[in-house]
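*Asks:* Following this line is query.txt, made up of compact mmCIF, C-alpha atoms (C1' of nucleotides):
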```txt
# COMPACT_ATOMS: atom_id res chain seq x y z
CA MET A 1 -1.97 156.04 126.26
CA SER A 2 -2.22 152.94 124.09
CA VAL A 3 -4.56 154.36 121.50
CA ILE A 4 -3.63 151.58 119.11
CA LEU A 5 -4.74 148.70 121.33
CA LYS A 6 -8.02 150.45 122.10
CA LYS A 7 -8.76 150.95 118.42
CA HIS A 8 -7.86 147.36 117.70
CA VAL A 9 -10.11 145.92 120.41
CA GLU A 10 -12.93 148.18 119.22
CA LYS A 11 -12.70 146.61 115.78
CA PHE A 12 -14.08 143.38 117.27
CA VAL A 13 -16.02 144.24 120.42
CA ASN A 14 -17.93 147.19 121.86
CA ILE A 15 -15.99 148.59 124.78
CA ASP A 16 -16.28 151.92 126.62
CA GLU A 17 -13.42 153.93 128.03
CA ALA A 18 -13.91 152.68 131.62
CA ALA A 19 -13.93 149.03 130.62
CA PHE A 20 -10.90 149.53 128.40
CA GLN A 21 -8.97 151.05 131.32
CA GLU A 22 -9.72 147.93 133.34
CA VAL A 23 -8.48 145.75 130.52
CA LEU A 24 -5.37 147.85 130.12
CA ALA A 25 -4.52 147.37 133.80
CA PHE A 26 -3.55 143.77 132.95
CA PHE A 27 -0.74 145.01 130.68
CA ASP A 28 2.67 146.61 131.14
CA MET A 29 3.91 149.23 128.72
CA ILE A 30 7.52 148.58 127.71
CA PRO A 31 9.69 150.96 125.67
CA VAL A 32 12.46 149.19 123.74
CA LYS A 33 15.52 150.52 121.94
CA LYS A 34 16.59 149.41 118.49
CA LYS A 35 18.25 145.94 118.66
CA GLU A 36 17.03 145.41 122.23
CA ASN A 37 15.59 141.95 122.97
CA LEU A 38 12.11 141.51 124.43
CA MET A 39 12.64 137.76 124.71
CA GLU A 40 15.55 135.37 124.29
CA GLU A 41 15.81 131.75 123.25
CA GLY A 42 15.86 129.40 126.25
CA GLU A 43 14.15 131.93 128.47
CA PHE A 44 10.76 131.06 130.01
CA CYS A 45 8.13 132.41 127.61
CA ASN A 46 5.78 134.27 129.92
CA TYR A 47 4.55 137.15 127.76
CA HIS A 48 2.31 137.96 124.84
CA PHE A 49 3.38 141.21 123.14
CA PHE A 50 1.35 143.83 121.31
CA VAL A 51 3.14 146.47 119.23
CA GLU A 52 1.83 149.90 120.15
CA GLN A 53 4.46 151.72 118.11
CA GLY A 54 7.49 150.68 116.06
CA CYS A 55 8.57 147.36 114.59
CA ILE A 56 9.84 144.10 116.09
CA ARG A 57 10.91 140.75 114.69
CA LYS A 58 11.10 137.14 115.80
CA PHE A 59 14.11 134.98 114.90
CA PHE A 60 16.06 131.90 115.89
CA LEU A 61 19.64 130.78 115.43
CA LYS A 62 20.30 128.14 112.79
CA GLU A 63 22.96 125.50 113.42
CA ASN A 64 25.42 127.53 111.33
CA GLY A 65 24.90 130.47 113.70
CA MET A 66 22.92 132.63 111.27
CA GLU A 67 19.82 134.44 112.47
CA GLN A 68 16.67 133.19 110.74
CA THR A 69 13.88 135.78 110.94
CA THR A 70 10.44 134.19 110.86
CA GLU A 71 8.08 137.09 111.55
CA PHE A 72 7.79 140.86 111.68
CA ALA A 73 5.24 142.86 113.66
CA LEU A 74 4.27 146.49 113.13
CA GLU A 75 1.70 148.56 115.00
CA HIS A 76 -1.34 146.57 116.21
CA TRP A 77 0.27 143.16 115.63
CA TRP A 78 0.56 140.57 118.38
CA MET A 79 3.68 138.45 118.80
CA THR A 80 5.12 135.72 121.00
CA ASP A 81 6.42 132.17 120.69
CA ASN A 82 2.86 130.89 120.70
CA PHE A 83 3.78 127.26 121.17
CA ALA A 84 5.96 127.98 124.20
CA PHE A 85 3.54 130.57 125.59
CA GLU A 86 0.61 128.18 125.65
CA ARG A 87 2.60 125.35 127.18
CA ARG A 88 4.51 127.65 129.53
CA GLU A 89 7.82 126.43 128.22
CA GLN A 90 11.14 127.92 127.23
CA SER A 91 11.03 130.08 124.14
CA GLY A 92 12.61 128.77 120.95
CA PHE A 93 12.97 132.31 119.57
CA TYR A 94 14.38 135.73 120.16
CA ILE A 95 12.10 138.75 119.87
CA GLN A 96 13.95 141.94 119.06
CA ALA A 97 13.11 145.55 118.21
CA ILE A 98 14.10 146.69 114.70
CA GLU A 99 13.21 150.31 115.47
CA PRO A 100 12.81 152.14 118.76
CA SER A 101 9.40 150.81 119.79
CA VAL A 102 6.70 150.78 122.43
CA VAL A 103 5.24 147.41 123.30
CA LEU A 104 2.38 146.33 125.55
CA ARG A 105 2.97 142.99 127.22
CA ILE A 106 0.66 140.73 129.19
CA SER A 107 1.83 137.79 131.29
CA HIS A 108 0.38 134.32 130.95
CA ASP A 109 -1.38 134.56 134.33
CA ASN A 110 -2.74 138.01 133.59
CA ARG A 111 -4.11 136.94 130.26
CA ALA A 112 -5.88 134.00 131.86
CA ALA A 113 -7.36 136.35 134.47
CA LEU A 114 -8.33 138.89 131.81
CA LEU A 115 -10.20 136.24 129.83
CA ARG A 116 -11.95 134.97 132.95
CA GLU A 117 -13.03 138.43 134.02
CA PHE A 118 -13.99 139.81 130.58
CA PRO A 119 -15.59 137.12 128.40
CA PHE A 120 -15.77 139.53 125.45
CA MET A 121 -11.98 139.26 125.35
CA GLU A 122 -12.41 135.57 124.48
CA HIS A 123 -14.17 136.79 121.38
CA TYR A 124 -11.41 139.31 120.68
CA PHE A 125 -8.65 136.71 120.99
CA ARG A 126 -10.65 134.13 119.05
CA MET A 127 -10.75 136.62 116.17
CA ILE A 128 -7.04 137.46 116.55
CA TYR A 129 -6.00 133.82 116.42
CA GLN A 130 -8.46 132.98 113.66
CA ARG A 131 -6.96 135.69 111.48
CA ALA A 132 -3.40 134.87 112.45
CA TYR A 133 -4.00 131.22 111.60
CA ALA A 134 -5.57 132.10 108.25
CA ALA A 135 -2.57 134.33 107.47
CA ALA A 136 -0.13 131.57 108.45
CA GLU A 137 -1.93 129.14 106.14
CA ARG A 138 -1.71 131.59 103.27
CA ARG A 139 1.95 132.02 103.98
CA ILE A 140 2.54 128.27 103.96
CA ARG A 141 0.79 128.13 100.61
CA PHE A 142 3.07 130.81 99.19
CA LEU A 143 6.12 128.94 100.46
CA TYR A 144 4.95 125.89 98.49
CA GLU A 145 3.77 127.77 95.44
CA LEU A 146 6.38 130.41 94.71
CA SER A 147 10.08 130.36 93.86
CA ARG A 148 12.32 132.53 96.02
CA GLU A 149 12.32 135.15 93.32
CA ASP A 150 8.52 135.21 93.12
CA LEU A 151 8.29 135.31 96.90
CA TYR A 152 10.28 138.54 96.83
CA LEU A 153 8.21 140.04 94.03
CA HIS A 154 4.99 139.09 95.73
CA PHE A 155 6.11 140.43 99.09
CA ALA A 156 7.47 143.67 97.69
CA ASP A 157 4.20 144.16 95.87
CA SER A 158 1.93 143.29 98.82
CA TYR A 159 3.79 145.08 101.61
CA PRO A 160 5.65 148.09 100.17
CA GLN A 161 5.65 149.75 103.63
CA PHE A 162 7.78 146.88 104.94
CA VAL A 163 10.29 146.97 102.13
CA GLN A 164 11.00 150.62 102.90
CA ARG A 165 11.08 150.18 106.65
CA ILE A 166 13.19 147.02 106.93
CA PRO A 167 16.85 146.51 105.99
CA GLN A 168 17.36 144.24 102.97
CA TYR A 169 19.27 141.56 104.82
CA LEU A 170 16.38 141.05 107.26
CA LEU A 171 13.96 140.85 104.37
CA ALA A 172 16.12 138.21 102.70
CA SER A 173 16.27 136.24 105.95
CA PHE A 174 12.48 136.42 106.36
CA LEU A 175 11.91 135.27 102.79
CA GLY A 176 14.23 132.34 103.41
CA PHE A 177 17.23 133.17 101.25
CA THR A 178 20.61 134.87 101.38
CA PRO A 179 21.33 138.60 100.98
CA GLU A 180 23.56 137.64 98.03
CA TYR A 181 20.70 136.07 96.18
CA LEU A 182 18.38 138.98 96.95
CA SER A 183 21.02 141.25 95.46
CA GLU A 184 21.07 139.09 92.33
CA ILE A 185 17.28 139.31 92.02
CA ARG A 186 17.27 143.08 92.43
CA ASN A 187 20.03 143.39 89.87
CA LYS A 188 18.11 141.27 87.39
CA LEU A 189 15.00 143.40 87.88
CA ARG A 190 16.91 146.59 87.09
CA SER A 191 17.69 145.47 83.54
CA MET B 1 -23.32 109.84 117.33
CA SER B 2 -20.29 112.11 117.08
CA VAL B 3 -18.50 110.83 120.14
CA ILE B 4 -15.27 112.39 118.92
CA LEU B 5 -16.55 115.98 118.79
CA LYS B 6 -18.09 115.64 122.24
CA LYS B 7 -14.83 114.38 123.72
CA HIS B 8 -12.94 117.17 122.00
CA VAL B 9 -15.23 119.94 123.24
CA GLU B 10 -15.04 118.46 126.76
CA LYS B 11 -11.28 118.86 126.71
CA PHE B 12 -11.77 122.62 126.85
CA VAL B 13 -15.19 123.34 128.39
CA ASN B 14 -17.63 121.65 130.74
CA ILE B 15 -20.69 120.60 128.80
CA ASP B 16 -23.49 118.18 129.66
CA GLU B 17 -25.25 115.84 127.27
CA ALA B 18 -28.27 118.13 126.76
CA ALA B 19 -26.18 121.18 125.96
CA PHE B 20 -23.99 119.14 123.60
CA GLN B 21 -27.07 117.96 121.70
CA GLU B 22 -28.06 121.60 121.21
CA VAL B 23 -24.58 122.39 119.92
CA LEU B 24 -24.63 119.39 117.62
CA ALA B 25 -27.87 120.59 116.04
CA PHE B 26 -25.85 123.31 114.27
CA PHE B 27 -23.89 120.65 112.36
CA ASP B 28 -24.56 118.25 109.50
CA MET B 29 -23.00 114.81 109.46
CA ILE B 30 -21.54 113.96 106.05
CA PRO B 31 -20.20 110.55 105.01
CA VAL B 32 -17.58 110.76 102.22
CA LYS B 33 -16.05 108.11 100.03
CA LYS B 34 -12.36 107.83 99.29
CA LYS B 35 -11.29 110.48 96.74
CA GLU B 36 -14.58 112.35 97.12
CA ASN B 37 -14.31 116.14 97.41
CA LEU B 38 -15.82 118.05 100.32
CA MET B 39 -14.85 121.35 98.75
CA GLU B 40 -13.46 122.49 95.41
CA GLU B 41 -11.32 125.41 94.35
CA GLY B 42 -13.39 128.34 93.14
CA GLU B 43 -16.45 127.22 95.07
CA PHE B 44 -17.89 129.50 97.77
CA CYS B 45 -16.26 128.44 101.04
CA ASN B 46 -19.23 128.14 103.38
CA TYR B 47 -18.20 125.30 105.71
CA HIS B 48 -15.88 124.47 108.55
CA PHE B 49 -15.21 120.71 108.72
CA PHE B 50 -14.48 118.45 111.68
CA VAL B 51 -13.21 114.92 111.08
CA GLU B 52 -15.28 112.47 113.11
CA GLN B 53 -13.69 109.44 111.46
CA GLY B 54 -11.19 108.85 108.66
CA CYS B 55 -8.66 111.10 106.98
CA ILE B 56 -8.95 114.09 104.63
CA ARG B 57 -6.46 116.40 102.93
CA LYS B 58 -6.37 119.93 101.57
CA PHE B 59 -4.57 120.69 98.30
CA PHE B 60 -4.38 123.16 95.44
CA LEU B 61 -3.30 122.92 91.81
CA LYS B 62 0.09 124.39 90.92
CA GLU B 63 0.55 126.09 87.58
CA ASN B 64 2.08 122.90 86.16
CA GLY B 65 -1.14 121.08 87.06
CA MET B 66 0.32 119.07 89.95
CA GLU B 67 -1.63 118.73 93.18
CA GLN B 68 0.13 120.39 96.11
CA THR B 69 -1.11 118.97 99.42
CA THR B 70 -0.81 121.46 102.27
CA GLU B 71 -2.57 119.75 105.16
CA PHE B 72 -3.92 116.46 106.46
CA ALA B 73 -6.63 115.98 109.07
CA LEU B 74 -7.36 112.84 111.07
CA GLU B 75 -9.99 112.31 113.75
CA HIS B 76 -10.76 115.41 115.87
CA TRP B 77 -8.99 117.83 113.52
CA TRP B 78 -10.74 120.85 112.04
CA MET B 79 -10.21 121.91 108.44
CA THR B 80 -11.31 124.55 105.94
CA ASP B 81 -9.78 127.28 103.78
CA ASN B 82 -9.67 129.57 106.81
CA PHE B 83 -8.90 132.70 104.85
CA ALA B 84 -11.81 132.20 102.47
CA PHE B 85 -14.14 131.00 105.22
CA GLU B 86 -13.67 134.11 107.33
CA ARG B 87 -14.07 136.45 104.40
CA ARG B 88 -16.85 134.43 102.82
CA GLU B 89 -14.97 134.14 99.57
CA GLN B 90 -14.24 131.45 97.02
CA SER B 91 -12.01 128.68 98.26
CA GLY B 92 -8.45 128.49 96.95
CA PHE B 93 -8.25 124.79 97.83
CA TYR B 94 -9.77 121.39 97.33
CA ILE B 95 -10.63 119.27 100.38
CA GLN B 96 -10.73 115.57 99.63
CA ALA B 97 -11.14 112.33 101.58
CA ILE B 98 -8.11 110.02 101.56
CA GLU B 99 -10.06 107.23 103.25
CA PRO B 100 -13.79 106.61 103.57
CA SER B 101 -14.61 109.16 106.26
CA VAL B 102 -17.31 110.78 108.34
CA VAL B 103 -17.19 114.54 108.65
CA LEU B 104 -19.20 117.05 110.66
CA ARG B 105 -19.66 120.35 108.90
CA ILE B 106 -20.99 123.68 110.12
CA SER B 107 -21.95 126.55 107.85
CA HIS B 108 -20.65 130.09 108.31
CA ASP B 109 -24.07 131.34 109.45
CA ASN B 110 -24.58 128.44 111.81
CA ARG B 111 -21.20 128.92 113.38
CA ALA B 112 -21.92 132.60 113.97
CA ALA B 113 -25.25 131.66 115.57
CA LEU B 114 -23.61 128.94 117.66
CA LEU B 115 -21.05 131.38 119.02
CA ARG B 116 -23.74 133.95 119.78
CA GLU B 117 -25.93 131.45 121.58
CA PHE B 118 -23.20 129.56 123.46
CA PRO B 119 -20.42 131.89 124.62
CA PHE B 120 -18.41 128.94 125.95
CA MET B 121 -17.94 127.95 122.32
CA GLU B 122 -15.98 131.20 121.86
CA HIS B 123 -13.57 129.79 124.40
CA TYR B 124 -13.49 126.43 122.62
CA PHE B 125 -12.75 128.00 119.24
CA ARG B 126 -10.25 130.44 120.76
CA MET B 127 -8.32 127.42 122.03
CA ILE B 128 -8.65 125.59 118.71
CA TYR B 129 -7.29 128.52 116.73
CA GLN B 130 -4.61 129.30 119.30
CA ARG B 131 -3.27 125.77 119.02
CA ALA B 132 -3.64 125.65 115.27
CA TYR B 133 -1.73 128.91 114.97
CA ALA B 134 1.03 127.68 117.29
CA ALA B 135 1.30 124.50 115.20
CA ALA B 136 1.45 126.51 111.97
CA GLU B 137 4.25 128.64 113.41
CA ARG B 138 6.21 125.55 114.35
CA ARG B 139 5.70 124.20 110.89
CA ILE B 140 6.95 127.41 109.29
CA ARG B 141 10.03 127.18 111.50
CA PHE B 142 10.69 123.62 110.33
CA LEU B 143 10.33 124.70 106.70
CA TYR B 144 13.06 127.28 107.31
CA GLU B 145 15.27 125.12 109.48
CA LEU B 146 15.34 121.68 107.88
CA SER B 147 16.45 120.30 104.53
CA ARG B 148 13.87 118.26 102.61
CA GLU B 149 15.58 115.11 103.77
CA ASP B 150 15.47 116.16 107.43
CA LEU B 151 11.84 117.21 107.02
CA TYR B 152 11.05 113.66 106.03
CA LEU B 153 13.04 112.12 108.88
CA HIS B 154 11.48 114.49 111.38
CA PHE B 155 7.96 113.86 110.10
CA ALA B 156 8.37 110.09 109.93
CA ASP B 157 9.67 110.17 113.47
CA SER B 158 6.97 112.48 114.86
CA TYR B 159 3.93 111.04 113.11
CA PRO B 160 4.49 107.35 112.41
CA GLN B 161 0.69 106.77 112.25
CA PHE B 162 0.56 109.10 109.22
CA VAL B 163 3.38 107.44 107.35
CA GLN B 164 1.55 104.12 107.52
CA ARG B 165 -1.85 105.56 106.70
CA ILE B 166 -0.94 107.84 103.81
CA PRO B 167 0.41 106.94 100.35
CA GLN B 168 4.01 108.00 99.76
CA TYR B 169 3.28 110.38 96.92
CA LEU B 170 0.89 112.40 99.11
CA LEU B 171 3.50 112.52 101.85
CA ALA B 172 6.10 113.78 99.37
CA SER B 173 3.67 116.43 98.15
CA PHE B 174 2.93 117.56 101.71
CA LEU B 175 6.61 117.77 102.58
CA GLY B 176 7.17 119.89 99.47
CA PHE B 177 9.21 117.64 97.24
CA THR B 178 8.81 115.11 94.44
CA PRO B 179 8.02 111.40 94.81
CA GLU B 180 11.28 110.71 92.95
CA TYR B 181 13.30 112.48 95.59
CA LEU B 182 11.46 110.74 98.42
CA SER B 183 12.31 107.47 96.75
CA GLU B 184 15.96 108.50 96.68
CA ILE B 185 15.89 109.35 100.40
CA ARG B 186 14.27 106.05 101.35
CA ASN B 187 16.78 104.17 99.25
CA LYS B 188 19.65 105.96 100.96
CA LEU B 189 18.23 105.13 104.40
CA ARG B 190 18.03 101.43 103.54
CA SER B 191 21.80 101.11 103.16
C1' DC C 1 37.04 160.87 108.97
C1' DG C 2 37.79 156.02 110.37
C1' DG C 3 35.48 151.69 111.30
C1' DT C 4 31.79 148.69 111.27
C1' DC C 5 27.72 147.25 109.23
C1' DT C 6 25.25 146.61 104.81
C1' DC C 7 24.92 145.67 99.91
C1' DT C 8 26.91 143.91 95.55
C1' DT C 9 29.53 140.80 92.28
C1' DG C 10 31.32 136.56 90.60
C1' DA C 11 33.01 131.58 90.68
C1' DC C 12 31.86 127.16 92.13
C1' DG C 13 29.23 123.33 94.15
C1' DG C 14 25.36 120.63 95.72
C1' DA C 15 20.56 119.69 96.95
C1' DG C 16 16.62 118.84 94.69
C1' DT C 17 13.80 118.99 90.01
C1' DT C 18 12.47 117.31 85.54
C1' DC C 19 11.91 113.94 82.16
C1' DA C 20 11.66 109.29 80.54
C1' DA C 21 11.07 104.58 81.24
C1' DA C 22 10.58 100.35 83.63
C1' DG C 23 8.88 97.54 87.67
C1' DC C 24 5.50 96.85 91.10
C1' DT C 25 0.87 96.75 93.52
C1' DA C 26 -3.81 96.88 94.16
C1' DG C 27 -8.36 97.48 92.71
C1' DT C 28 -11.89 96.00 89.26
C1' DG C 29 -14.61 93.29 86.33
C1' DG C 30 -15.44 89.01 84.27
C1' DC D 1 -10.17 83.66 91.75
C1' DC D 2 -7.60 85.19 88.10
C1' DA D 3 -6.17 88.67 84.59
C1' DC D 4 -5.84 93.37 83.28
C1' DT D 5 -5.18 97.90 83.88
C1' DA D 6 -4.33 102.15 86.14
C1' DG D 7 -1.87 104.15 89.49
C1' DC D 8 2.09 104.11 92.51
C1' DT D 9 7.17 103.58 93.22
C1' DT D 10 11.85 103.20 91.76
C1' DT D 11 16.10 104.34 88.84
C1' DG D 12 19.10 107.16 86.34
C1' DA D 13 20.81 111.23 83.60
C1' DA D 14 20.76 116.03 82.69
C1' DC D 15 19.84 120.34 84.41
C1' DT D 16 18.73 124.55 87.58
C1' DC D 17 18.10 127.21 91.40
C1' DC D 18 20.19 128.90 95.04
C1' DG D 19 23.84 128.55 98.87
C1' DT D 20 28.67 129.20 100.14
C1' DC D 21 32.84 131.56 100.02
C1' DA D 22 35.73 135.44 99.12
C1' DA D 23 36.41 140.09 98.22
C1' DG D 24 35.25 144.73 97.17
C1' DA D 25 32.21 149.00 97.29
C1' DG D 26 29.04 151.94 99.80
C1' DA D 27 26.81 153.90 103.66
C1' DC D 28 25.97 155.20 108.22
C1' DC D 29 27.39 156.47 113.01
C1' DG D 30 30.28 157.95 116.53
```
Can I see the file as structure tokens?
*Replies:*
Amino acid sequence: MSVILKKHVEKFVNIDEAAFQEVLAFFDMIPVKKKENLMEEGEFCNYHFFVEQGCIRKFFLKENGMEQTTEFALEHWWMTDNFAFERREQSGFYIQAIEPSVVLRISHDNRAALLREFPFMEHYFRMIYQRAYAAAERRIRFLYELSREDLYLHFADSYPQFVQRIPQYLLASFLGFTPEYLSEIRNKLRS
Amino acid sequence: MSVILKKHVEKFVNIDEAAFQEVLAFFDMIPVKKKENLMEEGEFCNYHFFVEQGCIRKFFLKENGMEQTTEFALEHWWMTDNFAFERREQSGFYIQAIEPSVVLRISHDNRAALLREFPFMEHYFRMIYQRAYAAAERRIRFLYELSREDLYLHFADSYPQFVQRIPQYLLASFLGFTPEYLSEIRNKLRS
DNA sequence: CGGTCTCTTGACGGAGTTCAAAGCTAGTGG
DNA sequence: CCACTAGCTTTGAACTCCGTCAAGAGACCG
């Protein structure tokens, strides 16, 4: 049960099996089907999710009705609407499974209790957020630095596992352009 | 001395004057002149900065030689190249004062020691990174959601203090467009 | 096999860039 | 306190990347 979370926590703190079981008691394990939503826009954002198996994405609806994907998460990635989660507000995003997945979720209250009871989890989450923030900063830099075409090339080069696992139209959405333009890029690369 | 940091730490943890003085001993206080660099691209990124007074910015050089500003920091904001700082690598950014400023800086080693010695500072930094990450996510959403023009309107509306304090060309750079286009927008708004 | 979801192709349009040049503002030294 | 200069802002014209729309070709699932 939840081998992935245990391994991930162990990367940052020393924890024995008994202690890990106590930590795990704060979580629920949720299986989700492909295209099933873990969270919906407007809904109270009460959970922080950890991907134990599979792949999920976060998106919102643009004013023209199109889905704008902003994030993917594979095994051992955390995901929520962090702004809404911290402030206990309504989510501005949907979170949806791309593949059949297994997700661990912890409620806002449970996470607060977990951190109170196990101070080493403050260290764990400090590291998680520190890395997530560093990654977000890098991403913002790429958005400034690269053309759409170069964004695709860079992404395809850096995360080949994703490109295989994710449908093209979701990739285009994540990279911030249209499937039509992605098609044009791919066509150009073939020649 | 360093009233701002004390107030900021107190927002998240209970700390008395004596304990704060011990914490403060891990930092150096650095005065910087306008346009002076706190960090340069290619240099080993050994410091995490806290703005005690003034205003600083982070930028990098694009391949055409233009400076691309990615972040501003006013009083009680933290700043560094987080990716490089964590991995103890060379910085990919410059950090430069926009106004005459006073900055507290802590080295990588000192921060590690601080966190070891004062576990409540793990909580403080967990909160700092959690909020910074949430803010970065919101920013990424705006970059996807808004046109350049709307980005400007939204920013001018949300952070009027900045718009007064920062030269237009830096604002344009931060928002990801050219000073010429910003000029066009402002002209349009006048009519 | 039939229908819906995904990917491709091409024509057209518009938001935003680039380049060049002129006007304005503010800091600096005499 | 003024004059000079460097840096900031504005204007306009030409151009480009990329979005929108429309339609067709594959591909996957029941």
*Asks:* Please provide as a PyMOL selection string all residues within 8 Å of Phe44 of chain A, with the sequence filter that same-chain residues fewer than 6 positions apart are discarded (counting all atoms listed in the file).
*Replies:* chain A and resi 88-91
*Asks:* List as a PyMOL selection string the protein and nucleic acid residues near segment 15-17 of chain D, meaning an atom at most 12 Å away when all atoms listed in the file are counted, but skip any in the same chain fewer than 3 places from it.
*Replies:* (chain A and resi 147-149+177+181) or (chain C and resi 14-19)
*Asks:* I need the residue nearest chain A from this list: C:DG30, C:DC5, C:DG13, C:DA22. Use only C-alpha atoms (C1' of nucleotides) for the distance.
*Replies:* C:DC5
*Asks:* Atom CA of Phe26 of chain A and atom CA of Leu5 of chain A are how many Å apart?
*Replies:*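 These atoms are spaced 12.7 Å apart.
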*Asks:* Around the point (-6.9, 148.2, 131.1) (coordinates from the file), which residues reach within 12 Å if we count all atoms listed in the file? Answer as a ChimeraX atom specification.
*Replies:* /A:1-3,5-6,9,15-29,104-106,110-111,114,117-118,121
*Asks:* Kindly output segment 62-80 of chain A as a short mmCIF file (atom, residue, chain, number, x, y, z; two decimals), in the frame of the given file, after building N, CA and C atoms.
*Replies:*
```
data_model
loop_
_atom_site.label_atom_id
_atom_site.label_comp_id
_atom_site.auth_asym_id
_atom_site.auth_seq_id
_atom_site.Cartn_x
_atom_site.Cartn_y
_atom_site.Cartn_z
N LYS A 62 20.14 129.41 113.49
CA LYS A 62 20.30 128.14 112.79
C LYS A 62 21.60 127.49 113.24
N GLU A 63 21.78 126.20 112.89
CA GLU A 63 22.96 125.50 113.42
C GLU A 63 24.26 126.14 112.92
N ASN A 64 24.21 126.84 111.80
CA ASN A 64 25.42 127.53 111.33
C ASN A 64 25.61 128.90 112.01
N GLY A 65 24.73 129.23 112.94
CA GLY A 65 24.90 130.47 113.70
C GLY A 65 24.17 131.67 113.11
N MET A 66 23.63 131.52 111.91
CA MET A 66 22.92 132.63 111.27
C MET A 66 21.56 132.87 111.93
N GLU A 67 21.15 134.12 111.95
CA GLU A 67 19.82 134.44 112.47
C GLU A 67 18.76 134.21 111.39
N GLN A 68 17.77 133.42 111.69
CA GLN A 68 16.67 133.19 110.74
C GLN A 68 15.42 133.92 111.24
N THR A 69 15.09 135.02 110.57
CA THR A 69 13.88 135.78 110.94
C THR A 69 12.65 135.04 110.43
N THR A 70 11.63 134.90 111.29
CA THR A 70 10.44 134.19 110.86
C THR A 70 9.20 135.09 110.84
N GLU A 71 9.29 136.26 111.46
CA GLU A 71 8.08 137.09 111.55
C GLU A 71 8.46 138.53 111.87
N PHE A 72 7.70 139.45 111.29
CA PHE A 72 7.79 140.86 111.68
C PHE A 72 6.47 141.27 112.31
N ALA A 73 6.50 142.30 113.15
CA ALA A 73 5.24 142.86 113.66
C ALA A 73 5.36 144.38 113.72
N LEU A 74 4.39 145.03 113.07
CA LEU A 74 4.27 146.49 113.13
C LEU A 74 3.15 146.83 114.11
N GLU A 75 2.77 148.10 114.14
CA GLU A 75 1.70 148.56 115.00
C GLU A 75 0.44 147.67 114.89
N HIS A 76 -0.13 147.38 116.00
CA HIS A 76 -1.34 146.57 116.21
C HIS A 76 -1.20 145.08 115.87
N TRP A 77 0.04 144.59 115.76
CA TRP A 77 0.27 143.16 115.63
C TRP A 77 0.67 142.56 116.97
N TRP A 78 0.18 141.34 117.21
CA TRP A 78 0.56 140.57 118.38
C TRP A 78 1.73 139.66 118.05
N MET A 79 2.58 139.39 119.04
CA MET A 79 3.68 138.45 118.80
C MET A 79 4.13 137.76 120.09
N THR A 80 4.41 136.46 119.96
CA THR A 80 5.12 135.72 121.00
C THR A 80 5.56 134.40 120.38
#
```
